[in-house]
$ cat upload-v6.txt   # compact mmCIF, C-alpha atoms and all ligand atoms
# COMPACT_ATOMS: atom_id res chain seq x y z
CA MET O 168 -27.29 12.15 74.95
CA THR O 169 -24.67 14.75 73.94
CA THR O 170 -24.74 16.18 70.44
CA THR O 171 -21.75 15.36 68.26
CA LYS O 172 -20.05 18.31 66.56
CA ILE O 173 -19.10 17.40 63.00
CA ALA O 174 -17.23 19.32 60.31
CA VAL O 175 -17.97 18.19 56.75
CA LEU O 176 -15.33 19.42 54.30
CA GLY O 177 -16.53 19.76 50.71
CA ALA O 178 -20.07 20.77 49.78
CA GLY O 179 -20.43 18.90 46.50
CA SER O 180 -23.12 16.30 45.96
CA TRP O 181 -21.78 13.72 48.41
CA GLY O 182 -20.56 16.03 51.20
CA SER O 183 -23.78 18.02 51.28
CA ILE O 184 -25.99 14.92 51.37
CA LEU O 185 -23.87 13.20 54.06
CA ALA O 186 -24.10 16.44 56.05
CA SER O 187 -27.86 16.32 55.63
CA ILE O 188 -28.06 12.76 57.05
CA LEU O 189 -25.92 13.77 60.02
CA VAL O 190 -28.22 16.71 60.78
CA GLN O 191 -31.32 14.50 60.43
CA ASN O 192 -29.68 12.11 62.93
CA GLY O 193 -29.19 14.91 65.48
CA GLY O 194 -25.58 15.92 64.74
CA GLN O 195 -24.43 19.54 64.92
CA VAL O 196 -22.90 20.01 61.49
CA GLN O 197 -20.77 22.71 59.90
CA LEU O 198 -20.45 22.19 56.15
CA TRP O 199 -17.34 23.82 54.67
CA THR O 200 -17.10 25.07 51.11
CA ARG O 201 -14.40 27.21 49.49
CA ARG O 202 -17.08 29.40 47.96
CA PRO O 203 -18.88 31.97 50.17
CA GLU O 204 -21.77 32.26 47.69
CA GLN O 205 -22.40 28.51 47.97
CA ALA O 206 -22.40 28.76 51.79
CA ALA O 207 -24.92 31.62 51.51
CA GLU O 208 -27.18 29.55 49.20
CA ILE O 209 -27.16 26.62 51.64
CA ASN O 210 -27.77 28.85 54.69
CA GLU O 211 -30.42 31.09 53.13
CA GLN O 212 -32.20 29.04 50.44
CA HIS O 213 -31.35 25.60 51.94
CA THR O 214 -30.46 24.43 48.44
CA ASN O 215 -27.26 23.46 46.59
CA GLN O 216 -28.64 23.52 43.04
CA ARG O 217 -25.39 23.00 41.14
CA TYR O 218 -24.81 19.65 42.85
CA VAL O 219 -28.16 18.24 44.00
CA GLN O 220 -31.17 19.58 42.12
CA ASN O 221 -34.57 20.12 43.74
CA TYR O 222 -33.50 19.12 47.23
CA HIS O 223 -34.27 21.11 50.37
CA TYR O 224 -31.55 20.75 53.02
CA PRO O 225 -32.52 20.68 56.71
CA GLU O 226 -32.67 24.25 58.00
CA GLU O 227 -30.40 23.32 60.94
CA LEU O 228 -27.55 22.62 58.49
CA THR O 229 -25.08 25.51 58.52
CA ALA O 230 -22.46 26.09 55.85
CA THR O 231 -19.38 28.27 56.08
CA SER O 232 -16.44 29.23 53.89
CA ASP O 233 -14.30 29.77 57.01
CA LEU O 234 -12.34 26.58 57.63
CA SER O 235 -11.42 27.43 61.24
CA GLN O 236 -15.08 28.11 62.02
CA ALA O 237 -16.05 24.77 60.48
CA LEU O 238 -13.45 22.90 62.53
CA ALA O 239 -13.95 24.67 65.87
CA GLY O 240 -14.66 22.01 68.50
CA ALA O 241 -15.29 19.31 65.86
CA GLN O 242 -15.28 15.78 67.31
CA VAL O 243 -15.55 14.30 63.83
CA VAL O 244 -14.03 15.73 60.64
CA LEU O 245 -15.40 14.26 57.41
CA PHE O 246 -13.45 14.85 54.19
CA THR O 247 -15.63 14.66 51.06
CA VAL O 248 -13.50 16.55 48.56
CA PRO O 249 -12.29 14.95 45.30
CA THR O 250 -9.15 12.79 45.60
CA PRO O 251 -6.79 15.22 43.80
CA VAL O 252 -7.35 17.92 46.47
CA VAL O 253 -7.42 15.76 49.63
CA ARG O 254 -3.73 16.45 50.33
CA SER O 255 -4.00 20.23 50.00
CA VAL O 256 -7.20 20.39 52.08
CA ALA O 257 -5.65 18.18 54.78
CA GLN O 258 -2.64 20.50 54.85
CA GLN O 259 -4.95 23.46 55.59
CA VAL O 260 -6.90 21.45 58.18
CA SER O 261 -4.00 20.03 60.19
CA PRO O 262 -2.88 23.23 62.02
CA LEU O 263 -6.49 23.91 63.05
CA LEU O 264 -7.08 20.60 64.86
CA GLY O 265 -6.96 20.03 68.62
CA THR O 266 -4.65 17.43 70.14
CA GLY O 267 -5.08 14.57 72.64
CA GLU O 268 -8.63 14.52 74.05
CA ALA O 269 -9.63 17.32 71.67
CA ALA O 270 -8.45 15.46 68.58
CA PRO O 271 -11.28 14.42 66.24
CA ILE O 272 -12.03 11.17 64.46
CA ILE O 273 -11.03 11.72 60.83
CA VAL O 274 -13.44 10.23 58.29
CA HIS O 275 -13.30 10.32 54.50
CA ALA O 276 -15.73 9.34 51.78
CA SER O 277 -13.65 9.94 48.65
CA LYS O 278 -13.07 7.23 46.05
CA GLY O 279 -9.77 7.38 44.25
CA LEU O 280 -5.99 7.05 44.36
CA GLU O 281 -3.65 10.02 44.22
CA GLN O 282 -2.43 10.11 40.62
CA GLU O 283 1.26 10.87 41.16
CA THR O 284 1.91 8.86 44.34
CA HIS O 285 -0.74 6.08 44.02
CA CYS O 286 -1.55 6.75 47.69
CA ARG O 287 -4.90 5.72 49.13
CA ILE O 288 -6.84 8.57 50.78
CA SER O 289 -6.28 7.26 54.32
CA GLU O 290 -2.54 7.17 53.59
CA ILE O 291 -2.64 10.82 52.52
CA LEU O 292 -4.61 11.78 55.65
CA ALA O 293 -2.24 9.82 57.90
CA ALA O 294 0.73 11.59 56.31
CA MET O 295 -0.78 15.08 56.56
CA ILE O 296 -2.43 14.88 60.02
CA ALA O 297 -0.13 13.94 62.91
CA PRO O 298 -1.23 11.00 65.14
CA GLU O 299 -1.84 13.28 68.17
CA LYS O 300 -4.34 15.29 66.08
CA ARG O 301 -6.65 12.36 65.28
CA GLN O 302 -8.45 9.62 67.19
CA GLY O 303 -8.46 7.31 64.19
CA ILE O 304 -9.14 7.30 60.46
CA VAL O 305 -12.38 5.85 59.11
CA VAL O 306 -13.31 5.24 55.47
CA LEU O 307 -16.95 5.45 54.36
CA SER O 308 -17.69 3.61 51.14
CA GLY O 309 -20.34 1.59 49.36
CA PRO O 310 -23.06 1.79 46.72
CA SER O 311 -24.53 5.21 47.41
CA HIS O 312 -25.45 7.77 44.80
CA ALA O 313 -26.17 11.09 46.49
CA GLU O 314 -29.30 11.65 44.37
CA GLU O 315 -30.92 8.50 45.81
CA VAL O 316 -29.79 9.11 49.38
CA ALA O 317 -31.33 12.60 49.04
CA ARG O 318 -34.73 11.03 48.45
CA GLN O 319 -34.13 8.64 51.35
CA ASP O 320 -33.92 5.56 49.18
CA LEU O 321 -32.57 2.55 51.11
CA THR O 322 -28.77 2.67 51.17
CA LEU O 323 -26.19 0.36 52.80
CA ILE O 324 -22.53 1.27 53.14
CA THR O 325 -19.36 0.33 55.02
CA ALA O 326 -17.35 2.20 57.67
CA ALA O 327 -13.83 0.77 57.64
CA SER O 328 -11.03 1.45 60.09
CA ALA O 329 -8.05 -0.25 61.66
CA ASP O 330 -9.60 1.10 64.88
CA LEU O 331 -12.90 -0.75 65.19
CA ALA O 332 -14.13 1.50 68.03
CA CYS O 333 -13.84 4.53 65.74
CA ALA O 334 -15.63 2.68 62.91
CA ARG O 335 -18.45 1.85 65.36
CA GLN O 336 -18.79 5.48 66.43
CA VAL O 337 -19.08 6.56 62.79
CA GLN O 338 -21.56 3.74 62.12
CA LYS O 339 -23.74 5.07 64.95
CA LEU O 340 -23.61 8.65 63.69
CA PHE O 341 -24.92 7.73 60.23
CA MET O 342 -27.39 4.87 60.86
CA ASN O 343 -31.10 5.58 60.44
CA ASP O 344 -34.19 4.00 58.86
CA TYR O 345 -32.97 4.45 55.29
CA PHE O 346 -29.18 4.49 55.79
CA ARG O 347 -27.54 1.37 57.20
CA VAL O 348 -23.82 1.12 57.95
CA TYR O 349 -21.67 -2.00 58.43
CA THR O 350 -18.18 -1.94 59.95
CA ASN O 351 -15.08 -3.48 58.39
CA THR O 352 -11.41 -3.50 59.38
CA ASP O 353 -10.00 -4.02 55.88
CA VAL O 354 -9.20 -0.40 55.06
CA ILE O 355 -6.99 -1.33 52.09
CA GLY O 356 -9.68 -3.49 50.47
CA VAL O 357 -12.43 -0.94 51.02
CA GLU O 358 -10.39 1.95 49.59
CA LEU O 359 -9.09 -0.02 46.62
CA GLY O 360 -12.52 -1.43 45.72
CA ALA O 361 -13.91 2.13 45.81
CA ALA O 362 -11.14 3.53 43.64
CA PHE O 363 -10.90 0.79 41.01
CA LYS O 364 -14.64 0.38 40.42
CA ASN O 365 -14.70 3.90 38.96
CA VAL O 366 -12.30 2.79 36.23
CA ILE O 367 -14.48 -0.20 35.32
CA ALA O 368 -17.56 2.08 35.35
CA LEU O 369 -15.94 4.21 32.64
CA GLY O 370 -15.74 1.01 30.58
CA ALA O 371 -19.35 0.08 31.31
CA GLY O 372 -20.48 3.52 30.18
CA ALA O 373 -18.40 3.24 27.01
CA LEU O 374 -20.05 -0.09 26.16
CA ALA O 375 -23.47 1.51 26.62
CA GLY O 376 -22.45 4.49 24.50
CA LEU O 377 -21.46 2.12 21.70
CA GLY O 378 -24.77 0.25 21.93
CA TYR O 379 -23.58 -3.01 23.51
CA GLY O 380 -26.11 -4.86 25.67
CA ASP O 381 -26.51 -6.53 29.03
CA ASN O 382 -24.29 -9.54 28.24
CA ALA O 383 -21.36 -7.22 27.60
CA LYS O 384 -22.13 -5.20 30.74
CA ALA O 385 -22.24 -8.32 32.94
CA ALA O 386 -19.04 -9.64 31.36
CA LEU O 387 -17.21 -6.37 31.96
CA MET O 388 -18.35 -6.16 35.57
CA THR O 389 -17.40 -9.78 36.30
CA ARG O 390 -13.98 -9.67 34.68
CA GLY O 391 -13.49 -6.15 36.09
CA LEU O 392 -14.08 -7.53 39.57
CA ALA O 393 -11.50 -10.25 38.89
CA GLU O 394 -8.94 -7.53 38.03
CA ILE O 395 -9.85 -5.39 41.04
CA SER O 396 -9.51 -8.40 43.37
CA ARG O 397 -6.19 -9.54 41.85
CA LEU O 398 -4.53 -6.15 42.22
CA GLY O 399 -6.23 -5.47 45.54
CA MET O 400 -4.92 -8.71 47.06
CA ALA O 401 -1.41 -8.00 45.74
CA LEU O 402 -1.60 -4.67 47.56
CA GLY O 403 -2.69 -6.25 50.85
CA ALA O 404 -6.51 -6.34 50.70
CA LYS O 405 -8.60 -9.26 51.96
CA PRO O 406 -10.32 -11.08 49.07
CA GLU O 407 -13.70 -11.23 50.86
CA THR O 408 -13.90 -7.43 50.96
CA PHE O 409 -14.38 -7.40 47.18
CA ILE O 410 -17.63 -9.36 47.48
CA GLY O 411 -18.93 -6.82 50.01
CA LEU O 412 -20.69 -3.47 49.74
CA SER O 413 -17.54 -1.50 48.95
CA GLY O 414 -16.49 -4.06 46.34
CA VAL O 415 -19.03 -5.74 44.10
CA GLY O 416 -21.84 -3.63 45.62
CA ASP O 417 -20.34 -0.36 44.51
CA LEU O 418 -19.17 -1.87 41.22
CA ILE O 419 -22.78 -2.84 40.42
CA VAL O 420 -24.25 0.55 41.25
CA THR O 421 -21.57 2.53 39.43
CA CYS O 422 -21.64 0.35 36.30
CA THR O 423 -25.44 0.39 35.99
CA SER O 424 -26.70 3.76 37.23
CA VAL O 425 -27.30 6.89 35.17
CA HIS O 426 -26.45 8.81 38.35
CA SER O 427 -22.80 7.74 38.08
CA ARG O 428 -20.53 10.46 36.72
CA ASN O 429 -17.97 7.81 35.76
CA TRP O 430 -20.56 5.78 33.85
CA ARG O 431 -21.91 8.89 32.11
CA ALA O 432 -18.39 10.00 31.18
CA GLY O 433 -17.73 6.56 29.67
CA GLN O 434 -21.02 6.70 27.78
CA GLN O 435 -20.09 10.06 26.26
CA LEU O 436 -16.66 8.73 25.28
CA GLY O 437 -18.39 5.74 23.66
CA GLN O 438 -20.61 8.14 21.72
CA GLY O 439 -17.49 9.77 20.29
CA GLN O 440 -16.91 12.82 22.50
CA SER O 441 -13.35 13.78 23.42
CA LEU O 442 -12.09 13.25 26.98
CA GLU O 443 -11.46 17.01 27.32
CA ALA O 444 -15.07 17.81 26.35
CA VAL O 445 -16.47 15.15 28.69
CA VAL O 446 -14.46 16.39 31.69
CA GLN O 447 -15.32 20.02 30.92
CA ASN O 448 -19.05 19.38 30.53
CA MET O 449 -19.49 17.15 33.59
CA GLY O 450 -18.83 20.00 36.04
CA MET O 451 -18.36 17.41 38.79
CA VAL O 452 -15.52 15.05 39.64
CA ILE O 453 -14.92 11.96 37.42
CA GLU O 454 -12.55 10.08 39.73
CA GLY O 455 -11.95 7.11 37.40
CA VAL O 456 -9.97 9.14 34.86
CA LYS O 457 -7.01 9.89 37.14
CA THR O 458 -7.32 6.68 39.15
CA CYS O 459 -7.04 4.69 35.89
CA GLN O 460 -3.45 5.87 35.52
CA SER O 461 -2.59 4.80 39.08
CA ALA O 462 -4.29 1.42 38.61
CA TYR O 463 -2.45 0.85 35.32
CA GLU O 464 0.93 1.75 36.83
CA LEU O 465 0.32 -0.28 40.00
CA ALA O 466 -0.62 -3.32 37.90
CA GLN O 467 2.65 -3.01 36.00
CA GLN O 468 4.59 -2.56 39.23
CA GLU O 469 2.96 -5.62 40.81
CA LYS O 470 3.01 -7.62 37.55
CA ILE O 471 -0.74 -8.19 37.72
CA GLU O 472 -2.68 -8.82 34.52
CA MET O 473 -5.40 -6.15 34.16
CA PRO O 474 -6.38 -6.14 30.49
CA ILE O 475 -9.63 -4.17 30.91
CA THR O 476 -7.96 -1.47 32.99
CA ALA O 477 -5.11 -1.34 30.45
CA ALA O 478 -7.60 -0.96 27.58
CA ILE O 479 -9.32 1.93 29.37
CA TYR O 480 -5.90 3.49 30.05
CA HIS O 481 -5.01 3.25 26.35
CA VAL O 482 -8.25 5.04 25.44
CA LEU O 483 -7.88 7.78 28.08
CA TYR O 484 -4.14 8.41 27.83
CA GLU O 485 -2.96 7.12 24.44
CA GLN O 486 -5.88 8.11 22.18
CA ALA O 487 -6.64 4.46 21.37
CA GLU O 488 -9.96 3.69 19.63
CA ILE O 489 -12.46 2.08 22.02
CA LYS O 490 -13.61 -0.41 19.36
CA SER O 491 -10.09 -1.62 18.61
CA GLU O 492 -9.41 -2.02 22.34
CA ILE O 493 -12.59 -4.13 22.64
CA ALA O 494 -11.52 -6.22 19.64
CA ALA O 495 -8.06 -6.77 21.18
CA LEU O 496 -9.65 -7.85 24.49
CA MET O 497 -11.90 -10.35 22.69
CA ARG O 498 -9.00 -11.77 20.68
CA ARG O 499 -6.77 -12.47 23.69
CA GLU O 500 -5.68 -16.09 23.95
CA GLY O 501 -8.17 -18.40 25.69
CA LYS O 502 -7.83 -18.47 29.49
CA ALA O 503 -9.06 -20.51 32.45
CA GLU O 504 -11.75 -18.51 34.25
CA LEU O 505 -10.27 -18.95 37.71
CA SER O 506 -6.60 -18.22 38.24
CA TRP O 507 -6.10 -21.47 40.20
CA ASP O 508 -7.51 -23.75 37.41
N1 LIG N 1 -21.71 11.92 44.47
C1 LIG N 1 -21.87 10.71 44.99
O1 LIG N 1 -22.95 10.14 44.89
C2 LIG N 1 -20.74 10.05 45.71
C3 LIG N 1 -19.44 10.55 45.67
N2 LIG N 1 -18.45 9.90 46.35
C4 LIG N 1 -17.07 10.40 46.35
O2 LIG N 1 -17.03 11.62 47.08
C5 LIG N 1 -15.99 12.46 46.57
C6 LIG N 1 -16.58 13.83 46.29
O3 LIG N 1 -17.55 13.61 45.29
P1 LIG N 1 -18.75 14.59 44.98
O4 LIG N 1 -19.23 15.29 46.19
O5 LIG N 1 -19.73 13.79 44.24
O6 LIG N 1 -18.02 15.61 44.00
P2 LIG N 1 -18.59 16.97 43.41
O7 LIG N 1 -17.87 17.20 42.15
O8 LIG N 1 -20.08 16.93 43.43
O9 LIG N 1 -18.14 18.05 44.50
C7 LIG N 1 -16.82 18.24 44.85
C8 LIG N 1 -16.75 19.40 45.83
O10 LIG N 1 -15.39 19.59 46.21
C9 LIG N 1 -15.08 20.97 46.12
N3 LIG N 1 -13.68 21.18 45.85
C10 LIG N 1 -13.00 20.95 44.71
N4 LIG N 1 -11.71 21.33 44.86
C11 LIG N 1 -11.58 21.82 46.11
C12 LIG N 1 -10.51 22.37 46.85
N5 LIG N 1 -9.29 22.49 46.34
N6 LIG N 1 -10.74 22.76 48.11
C13 LIG N 1 -11.95 22.63 48.65
N7 LIG N 1 -13.02 22.12 48.01
C14 LIG N 1 -12.82 21.72 46.75
C15 LIG N 1 -15.96 21.47 44.97
O11 LIG N 1 -16.12 22.88 45.04
C16 LIG N 1 -17.24 20.71 45.23
O12 LIG N 1 -18.03 21.38 46.17
C17 LIG N 1 -15.43 11.75 45.33
O13 LIG N 1 -14.25 11.09 45.67
C18 LIG N 1 -16.51 10.74 44.97
O14 LIG N 1 -15.99 9.59 44.33
C19 LIG N 1 -18.69 8.79 47.10
C20 LIG N 1 -19.95 8.26 47.16
C21 LIG N 1 -21.07 8.84 46.47
O1 LIG N 2 -19.36 6.18 44.19
C1 LIG N 2 -20.46 6.47 43.77
C2 LIG N 2 -21.65 5.69 44.12
O2 LIG N 2 -21.40 4.72 45.08
C3 LIG N 2 -20.59 7.63 42.88
O3 LIG N 2 -20.07 7.31 41.64
P1 LIG N 2 -19.73 8.45 40.59
O4 LIG N 2 -18.58 9.24 41.16
O5 LIG N 2 -19.39 7.72 39.34
O6 LIG N 2 -20.96 9.30 40.43
$ encode --input "upload-v6.txt" --output "C-alpha cells"
Amino acid sequence: MTTTKIAVLGAGSWGSILASILVQNGGQVQLWTRRPEQAAEINEQHTNQRYVQNYHYPEELTATSDLSQALAGAQVVLFTVPTPVVRSVAQQVSPLLGTGEAAPIIVHASKGLEQETHCRISEILAAMIAPEKRQGIVVLSGPSHAEEVARQDLTLITAASADLACARQVQKLFMNDYFRVYTNTDVIGVELGAAFKNVIALGAGALAGLGYGDNAKAALMTRGLAEISRLGMALGAKPETFIGLSGVGDLIVTCTSVHSRNWRAGQQLGQGQSLEAVVQNMGMVIEGVKTCQSAYELAQQEKIEMPITAAIYHVLYEQAEIKSEIAALMRREGKAELSWD
C-alpha cells in the first residue's frame, strides 16, 4: 500500500489532532503553522500546549512554517484554519498546487460562513482554487471535540462531497478503531448544519450562564434545529442531513459540552461578561459570533423566521439584554409546532 502525502493547514486544536489521526493511520503528514516557534514545539517536544494540553503528538508528525514545503507533493490538502482566514490562506495555497494528475483532493474541516459574503467554506475554496488544481472538495464535519479525539474517545463524523469517490478516499484515510467516518453528498446541508449550530451553542451557553436548566437547554436545541433546518432547506440543503451527525449530532455536542468554545463564550456572556472580553480571553476561534451575522442576514434575505438566531444577533451586535431577549421569545404569539400544521 502506498503512503498518502497530506498537508494539514492550521495547527490549532482541530488541525493538530486531525493530523495526529492521519499519522496514526499511516499517512505522511506535514502540519503547517504560520508560527515557526509552534512548528519547533511540535517537532521537538511533540506538544502543542496552547491548543491541546497534556497531549503527546506522534513523533512521526512533522510541522513546518514553510507553506511550499508543507504542500510539496501533497495528494490531500486539509484546511483547518478559522473561517475568516480560509480565503486568504487558499489564496496563498493556490499557486503552490500541482495540476491534472498532481492536483490534490481539497478537504476542509472549518465550521462557519464568511461574514461579509455569507459564502460556505467549500464555495470559498472553489472560488480560490481553480478546477485543474483540485481533484474534488470534501467537507469533514460532525460532533468531534478535539480534546476527546485526542484521548481516542469514540467519534463519528461525516465526509461530504459532490464527488462521492473523493469522499470515500477521505473516509478511508481517517477511519480507525475510535474514529468512524460516514460519507454524504449533501455538501450544503453538512456545511450549513456545522455553521449554524455554533450560533445556537452560544445561546445554550448563555442559558447555562444565567442558571437555566435542562428543560430550557432541550427547548433551545429543538427549536434551534427547527430554525437551522428551515434556513438550510431554503438554501438548498436536504432536510434529512439535519438529523444526521453534522446536524443534530453536532448541535447536541456543541450545546452540551464544556469543551465547546461557542458554548463557553455564551456561558460567559450569560454571566455578564462583555463580548470583547470573552473573545479576547478565549484565545481560540469562536466561530458562532461572526456566523450569527451571516445567519441573521440570510434569514432576512430568504424571509425565514429565525427568532432564536435573531435574539442572539441582537445580544451580540445590538447590545440587547439576554434576559429581555428571552422574555420576548417566550411572549411570542402561540404557534403550531410543525410548520405544516
Ligand atoms: N476544536 C475542535 O474541537 C473543532 C474545531 N472545528 C473547526 O475547525 C476550525 C479551526 O478550529 P480550531 O483548530 O479549533 O481553532 P483554534 O483557534 O484552536 O486554532 C486556529 C489555528 O488557525 C491559525 N490561524 C489563525 N489565523 C491564521 C492565518 N491567517 N493563517 C494561518 N493560520 C491561521 C491559528 O494560529 C491557530 O493555529 C474552526 O472552523 C472550528 O469550528 C471543527 C471540529 C472540531
Ligand atoms: O465543532 C465542534 C465540535 O464538533 C467544536 O465546537 P467549538 O468550536 O464550539 O469548540
$ closest_atom_pairs --input "upload-v6.txt" --of "chain O" --to "ligand LIG 2 (chain N)" --cutoff "10 Å" --atoms "all atoms listed in the file" --output "tab-separated table"
residue	atom	partner	partner_atom	distance
O:Ser180	CA	N:LIG2	O6	9.2
O:Trp181	CA	N:LIG2	C3	8.3
O:Pro249	CA	N:LIG2	O4	9.5
O:Ala276	CA	N:LIG2	O1	9.0
O:Ser277	CA	N:LIG2	O1	8.2
O:Lys278	CA	N:LIG2	O1	6.6
O:Gly279	CA	N:LIG2	O4	9.5
O:Ser308	CA	N:LIG2	O2	7.2
O:Gly309	CA	N:LIG2	O2	5.4
O:Pro310	CA	N:LIG2	O2	3.7
O:Ser311	CA	N:LIG2	O2	3.9
O:His312	CA	N:LIG2	C2	4.4
O:Ala313	CA	N:LIG2	C2	7.4
O:Glu314	CA	N:LIG2	O6	9.5
O:Glu315	CA	N:LIG2	C2	9.8
O:Thr322	CA	N:LIG2	O2	9.8
O:Ile324	CA	N:LIG2	O2	8.8
O:Ala361	CA	N:LIG2	O1	7.0
O:Ala362	CA	N:LIG2	O1	8.7
O:Lys364	CA	N:LIG2	O1	8.4
O:Asn365	CA	N:LIG2	O5	6.1
O:Val366	CA	N:LIG2	O5	9.2
O:Ala368	CA	N:LIG2	O5	7.1
O:Leu369	CA	N:LIG2	O5	8.3
O:Leu412	CA	N:LIG2	O2	9.4
O:Ser413	CA	N:LIG2	O2	8.3
O:Gly416	CA	N:LIG2	O2	8.4
O:Asp417	CA	N:LIG2	O2	5.2
O:Leu418	CA	N:LIG2	O2	8.0
O:Ile419	CA	N:LIG2	O2	9.0
O:Val420	CA	N:LIG2	O2	6.3
O:Thr421	CA	N:LIG2	O3	5.5
O:Cys422	CA	N:LIG2	O5	8.3
O:Ser424	CA	N:LIG2	O5	8.6
O:Val425	CA	N:LIG2	O6	8.6
O:His426	CA	N:LIG2	O6	5.9
O:Ser427	CA	N:LIG2	O6	3.4
O:Arg428	CA	N:LIG2	O6	3.9
O:Asn429	CA	N:LIG2	O5	3.9
O:Trp430	CA	N:LIG2	O5	5.9
O:Arg431	CA	N:LIG2	O5	7.7
O:Ala432	CA	N:LIG2	O5	8.5
O:Gly433	CA	N:LIG2	O5	9.9
O:Met451	CA	N:LIG2	O4	8.5
O:Val452	CA	N:LIG2	O4	6.7
O:Ile453	CA	N:LIG2	O4	5.9
O:Glu454	CA	N:LIG2	O4	6.3
O:Gly455	CA	N:LIG2	O5	7.7
$ atom_distance --input "upload-v6.txt" --atom1 "CA of Ser506 in chain O" --atom2 "CA of Gln467 in chain O"
17.9 Å
$ closest_residue --input "upload-v6.txt" --among "O:Ser232, O:Gln447, O:Ser396, O:Gln216" --to "Gln197 in chain O" --atoms "all atoms listed in the file"
O:Ser232
$ axis_aligned_box --input "upload-v6.txt" --around "ligand LIG 1 (chain N)" --padding-each-side "5 Å" --output "AutoDock Vina command-line options"
--center_x -16.1 --center_y 15.6 --center_z 45.4 --size_x 23.7 --size_y 24.6 --size_z 16.5
$ atom_distance --input "upload-v6.txt" --atom1 "CA of Glu443 in chain O" --atom2 "CA of Gly391 in chain O"
24.8 Å
$ closest_residue --input "upload-v6.txt" --among "O:Ala174, O:Leu307, O:Ala297, O:Ile479" --to "Gln236 in chain O" --atoms "only C-alpha atoms"
O:Ala174
$ residues_around --input "upload-v6.txt" --residues "Leu323 in chain O" --least-positions-apart "5" --cutoff "6 Å" --atoms "all atoms listed in the file" --output "ChimeraX atom specification"
/O:346-348
$ closest_residue --input "upload-v6.txt" --among "O:Val354, O:Leu505, O:Ala269, O:Ala495" --to "Thr389 in chain O" --atoms "only C-alpha atoms"
O:Leu505
$ closest_residue --input "upload-v6.txt" --among "O:Phe409, O:Gly372, O:Gly450, O:Ala241" --to "ligand LIG 1 (chain N)" --atoms "only C-alpha atoms and all ligand atoms"
O:Gly450
$ closest_residue --input "upload-v6.txt" --among "O:Val305, O:Val456, O:Ala207, O:Ala477" --to "Val357 in chain O" --atoms "only C-alpha atoms"
O:Val305
$ residues_around --input "upload-v6.txt" --residues "range 292-296 of chain O" --least-positions-apart "6" --cutoff "7 Å" --atoms "only C-alpha atoms" --output "PyMOL selection string"
chain O and resi 257-258+261
$ write_last_selection --input "upload-v6.txt" --atoms "C-alpha atoms" --output "mmCIF file, keeping the file's coordinate frame"
data_model
loop_
_atom_site.group_PDB
_atom_site.id
_atom_site.type_symbol
_atom_site.label_atom_id
_atom_site.label_comp_id
_atom_site.auth_asym_id
_atom_site.auth_seq_id
_atom_site.Cartn_x
_atom_site.Cartn_y
_atom_site.Cartn_z
ATOM 1 C CA ALA O 257 -5.650 18.180 54.780
ATOM 2 C CA GLN O 258 -2.640 20.500 54.850
ATOM 3 C CA SER O 261 -4.000 20.030 60.190
#
$ closest_residue --input "upload-v6.txt" --among "O:Glu227, O:Glu208, O:Glu488, O:Glu394" --to "Gln438 in chain O" --atoms "only C-alpha atoms"
O:Glu488
$ atom_distance --input "upload-v6.txt" --atom1 "atom C21 of ligand LIG 1 (chain N)" --atom2 "CA of Val446 in chain O"
17.9 Å
$ build_atoms --input "upload-v6.txt" --residues "range 392-404 of chain O" --atoms "N, CA and C atoms" --output "PDB file, in the frame of the given file"
ATOM      1  N   LEU O 392     -14.224  -7.163  38.155  1.00  0.00           N
ATOM      2  CA  LEU O 392     -14.080  -7.530  39.570  1.00  0.00           C
ATOM      3  C   LEU O 392     -12.881  -8.460  39.768  1.00  0.00           C
ATOM      4  N   ALA O 393     -12.666  -9.342  38.791  1.00  0.00           N
ATOM      5  CA  ALA O 393     -11.500 -10.250  38.890  1.00  0.00           C
ATOM      6  C   ALA O 393     -10.208  -9.415  38.905  1.00  0.00           C
ATOM      7  N   GLU O 394     -10.138  -8.391  38.057  1.00  0.00           N
ATOM      8  CA  GLU O 394      -8.940  -7.530  38.030  1.00  0.00           C
ATOM      9  C   GLU O 394      -8.777  -6.756  39.337  1.00  0.00           C
ATOM     10  N   ILE O 395      -9.885  -6.187  39.796  1.00  0.00           N
ATOM     11  CA  ILE O 395      -9.850  -5.390  41.040  1.00  0.00           C
ATOM     12  C   ILE O 395      -9.348  -6.272  42.189  1.00  0.00           C
ATOM     13  N   SER O 396      -9.875  -7.500  42.259  1.00  0.00           N
ATOM     14  CA  SER O 396      -9.510  -8.400  43.370  1.00  0.00           C
ATOM     15  C   SER O 396      -8.045  -8.808  43.264  1.00  0.00           C
ATOM     16  N   ARG O 397      -7.593  -9.114  42.025  1.00  0.00           N
ATOM     17  CA  ARG O 397      -6.190  -9.540  41.850  1.00  0.00           C
ATOM     18  C   ARG O 397      -5.227  -8.454  42.310  1.00  0.00           C
ATOM     19  N   LEU O 398      -5.447  -7.225  41.829  1.00  0.00           N
ATOM     20  CA  LEU O 398      -4.530  -6.150  42.220  1.00  0.00           C
ATOM     21  C   LEU O 398      -4.707  -5.804  43.696  1.00  0.00           C
ATOM     22  N   GLY O 399      -5.957  -5.788  44.133  1.00  0.00           N
ATOM     23  CA  GLY O 399      -6.230  -5.470  45.540  1.00  0.00           C
ATOM     24  C   GLY O 399      -5.511  -6.424  46.478  1.00  0.00           C
ATOM     25  N   MET O 400      -5.583  -7.719  46.185  1.00  0.00           N
ATOM     26  CA  MET O 400      -4.920  -8.710  47.060  1.00  0.00           C
ATOM     27  C   MET O 400      -3.407  -8.533  47.017  1.00  0.00           C
ATOM     28  N   ALA O 401      -2.869  -8.223  45.833  1.00  0.00           N
ATOM     29  CA  ALA O 401      -1.410  -8.000  45.740  1.00  0.00           C
ATOM     30  C   ALA O 401      -0.994  -6.809  46.598  1.00  0.00           C
ATOM     31  N   LEU O 402      -1.929  -5.872  46.788  1.00  0.00           N
ATOM     32  CA  LEU O 402      -1.600  -4.670  47.560  1.00  0.00           C
ATOM     33  C   LEU O 402      -2.012  -4.809  49.038  1.00  0.00           C
ATOM     34  N   GLY O 403      -2.448  -6.001  49.428  1.00  0.00           N
ATOM     35  CA  GLY O 403      -2.690  -6.250  50.850  1.00  0.00           C
ATOM     36  C   GLY O 403      -4.142  -6.314  51.287  1.00  0.00           C
ATOM     37  N   ALA O 404      -5.084  -6.281  50.336  1.00  0.00           N
ATOM     38  CA  ALA O 404      -6.510  -6.340  50.700  1.00  0.00           C
ATOM     39  C   ALA O 404      -6.934  -7.776  50.977  1.00  0.00           C
TER      40      ALA O 404
END
